[in-house]
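Chemist: Starting off with a structure, shown below.
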Amino acid sequence: MNVDVLNRSGLHPAAQSKLAIADCDVHPRPAGAGIGGVSRSLYPYLSKRWQEHVETFGVRYRQPWEKGSAYPKGQPQACRRDAWPNGENPGSDLGFMAEQHLDPNNVALGILNPLTSGQGAQDGDLSAALTHATNEWQVAEWTSRDARLKASVVVPFEDGPTSARMIEARAGDANFAQVLLLTRTSEPLGQRRYWPIYQAAVEANLPIGIHAFGYGGSAMTSGGWPSFYIEEMVGHAQCQQAVLTSLIFEGVFERFPTLRVVLVEAGFAWAPAHAWRMDRQFAKLRREVPHLKRLPSEYMRSNVWFTTQPVEEPEPREHLADAIEWMGWDRVLFATDYPHWDFDDPAQALPIRMTETQRRQIFRDNATAVYGIA
Amino acid sequence: MPRPTTDSKPIDCDLHPTVPAMSALMPYLDEIWRETVVRRGIDELNTIAYPSNSPLTVRSDWRGAGEKPATTVERLGTEALDPFGTGTAICNCLYGVQATFSEDLGAAMARAVNDWIAREWLDRDPRLRASIVVPQQNAELAVAEIERCAADRRFVQVMLLVSGELPLGRRQNWPIYAAAERHSLTLGIHAGSTYRHPNTPVGWSSYYSEEYINQAGAFQTQLTSLITEGVFAKFPDLTVVLMESGVTWLPGYLWRLTKFWKGLRSEVPWVADPPATIVRERVRLTLQPFDGPPDSATISRFMEHMGSDELLLFSTDYPHWQFEGISAIPDGLDPGLARKIMVDNPLRTYARLKETVT
């Protein structure tokens, strides 16, 4: 059967208003096929020892495949077919990205989230080497060449102290706007082994971005491994629900009240219902978690933000505005996910009626506030 | 045969008779299993899904003194049926038969639980119906138990726990769904786990609070599994009831699933209908715990997001603590919707209720 196309009449997309926007999820990727899963573009930032290692043993994650991700994507590298610069990896060419995305969409701030950075590699020392190289590469190839772009400090998150040192090393460095983690880690991210990361992020005044995906090793449902890529994609939301619950119930925001957490690429329409559910159960079970001094939803409202892409598209579309209203217009950050296949075009995304203030909040002002960038 | 009820009294679709002790099941175990539980010291099979003394597990005024809560048909009648004017109630016995690593032990315990339910509960109160408890460790053994119990029309449903060894849509489970469909039984999926995997999709949580909150996520992932694996296409007469699942996650979940179905349906071409259509025709959710917003105006607005007034089924979730007094229906629901939730929707959901309730 056919699917009705959303009726967009009477709407005023951001692009038409010439609003300079913030894109809180842009994916750069090193050029070149690479050997052992590591692009030669990273070699200038890798020691000879680790170059030889990846050429001999590759990068082994907690999943089956020597190359590629656990669930085959819907298309190569999960990318738009028009986003391959001269056949090179999508997201590998700054000029191409600027011409295709940053310039026409009037992106004034782009947050870089590299995903093939060695985060979650089984060998923790290799993970540290690769994430360090990725940080160096972001500065050399991207942020030093385009002031609109800001890098993420990618860290070997299963090793808290090493991650903390890598964050400290970037404190005060204007090339970096956040610390990047992935959703699926060894243990839920609220647990104490990860607290050195939060301590360092607070001290460096950097928000924590938690992006969908990861290689933690747990089945990605509490009932086992699903069969399909569509289940993985939908399931990012349930994974982030668990991460958010963990951060709140472990008391991370009691210990680090100024910590800012941005949940990236797992949707946001689930957030109000999840907040209601947490509050209702907390009312009955709070004796288990006496370290919480506020309602779970209050931590969400003060410490947590959500990026939009892939934005939910209910019919009628006004229901999406209800969801944002219930979570707060100051909680939502626009993102495109360029160059991935489910890219949200700022000229088309968020087909709901907004006041000019609300539009500016979602498309720019919330981001500049969270990332502390004027 | 059960007694037909002639009026439109509420139908409670989720309450929990509790096994008082292994000794209660002994008369219903074969000799070899009676000997086994004694010799090996298998004293009980309560799981950590509902710690006995947790406030959520038993509402304080239903806890009582002395005997274990919810263990007698008399108390269930006076505490869970009479106050609500309930005319029919579906018993879902939560006892960890699904979690034993031995499939044979699980099957023996499931047989005992079902026979105990029939003799000690259904025979003693004509208002009661029940779900067939099955050893979901093994589809072949589960089907055998369905076949053994199906002739008793007071069993109206087959019950699985939401988190098992394999995602529920996986084809290894399909014989269970074929048997349920063949016998006009709904498939009831209840909160709980066999603990084969960490209790959240990102690892083991520290706190019970997290585990219980994440039950809603477990239902979301398993509903995705049932839809994308094609269970609804393969079994066109099967109705699925999500029990103690929470309800407010459903609209936002469907928006996301629908978006990815549009983008990735080539991977699952047998999913021919939009997910929301499948859910509205084939999936129902019990009301408690109603994990809704605190104010009635937002509840009213939220109910519009549900997109249908046929999805919800009245439940008390007795003896779990989900509301106070008899306030099982949240404020903010209009009376017409409340009546549908209490009576009409359950009657339309359970084929076997239609035989005996008019």
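Labels used: A, B, ... for chains in the order of the structure tokens, numbers from 1 for residues in each chain, and numbers from 1 for ligands as shown.
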Could you please tell me, as a VMD selection string, which residues of chain A have an atom within 7 Å of chain B when using only C-alpha atoms?

Modeler: chain A and resid 1 74 184 to 188 216 218 to 226 230 to 231 234 to 235 238 to 239 242 245 to 246 269 to 270 273 276 to 278 280 284 to 285 312 to 314 319

Chemist: Got a sec: who's within 8 Å of segment 203-212 of chain A, counting only C-alpha atoms, leaving out chain neighbours fewer than 2 positions off, as an NGL selection string?

Modeler: :A and (167-168 or 170-172 or 177-184 or 198-201 or 214 or 236 or 240 or 259-266 or 370-371)

Chemist: Can you tell me, as a PyMOL selection string, what residues are no more than 12 Å from segment 38-50 of chain A when counting only C-alpha atoms, ignoring any on the same chain fewer than 5 positions away?

Modeler: chain A and resi 29-33+55-60+66-68+88-89+92-93+116-118+121+123+125-141

Chemist: Kindly give the distance, in Å, that separates atom CA of Ile42 of chain B and atom CA of Arg111 of chain B, rounded to a single decimal.

Modeler: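 Here the two named atoms are 16.4 Å from each other.
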
Chemist: Nearest residue to Pro156 of chain A out of A:Ile197, A:Leu189, A:Leu333, A:Leu292, using only C-alpha atoms?

Modeler: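 Closest residue, counting only C-alpha atoms: A:Ile197.
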
Chemist: Which value, in Å to one decimal, gives the distance between atom CA of Thr36 of chain B and atom CA of Val143 of chain B?

Modeler: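 Computing it gives 23.9 Å between the two atoms.
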
Chemist: List every residue of segment 253-370 of chain A that DSSP, applied to the backbone, labels as alpha helix (DSSP H), and write the result as number ranges by chain.

Modeler: A: 253-255, 271-285, 296-303, 318-327, 356-360, 366-370
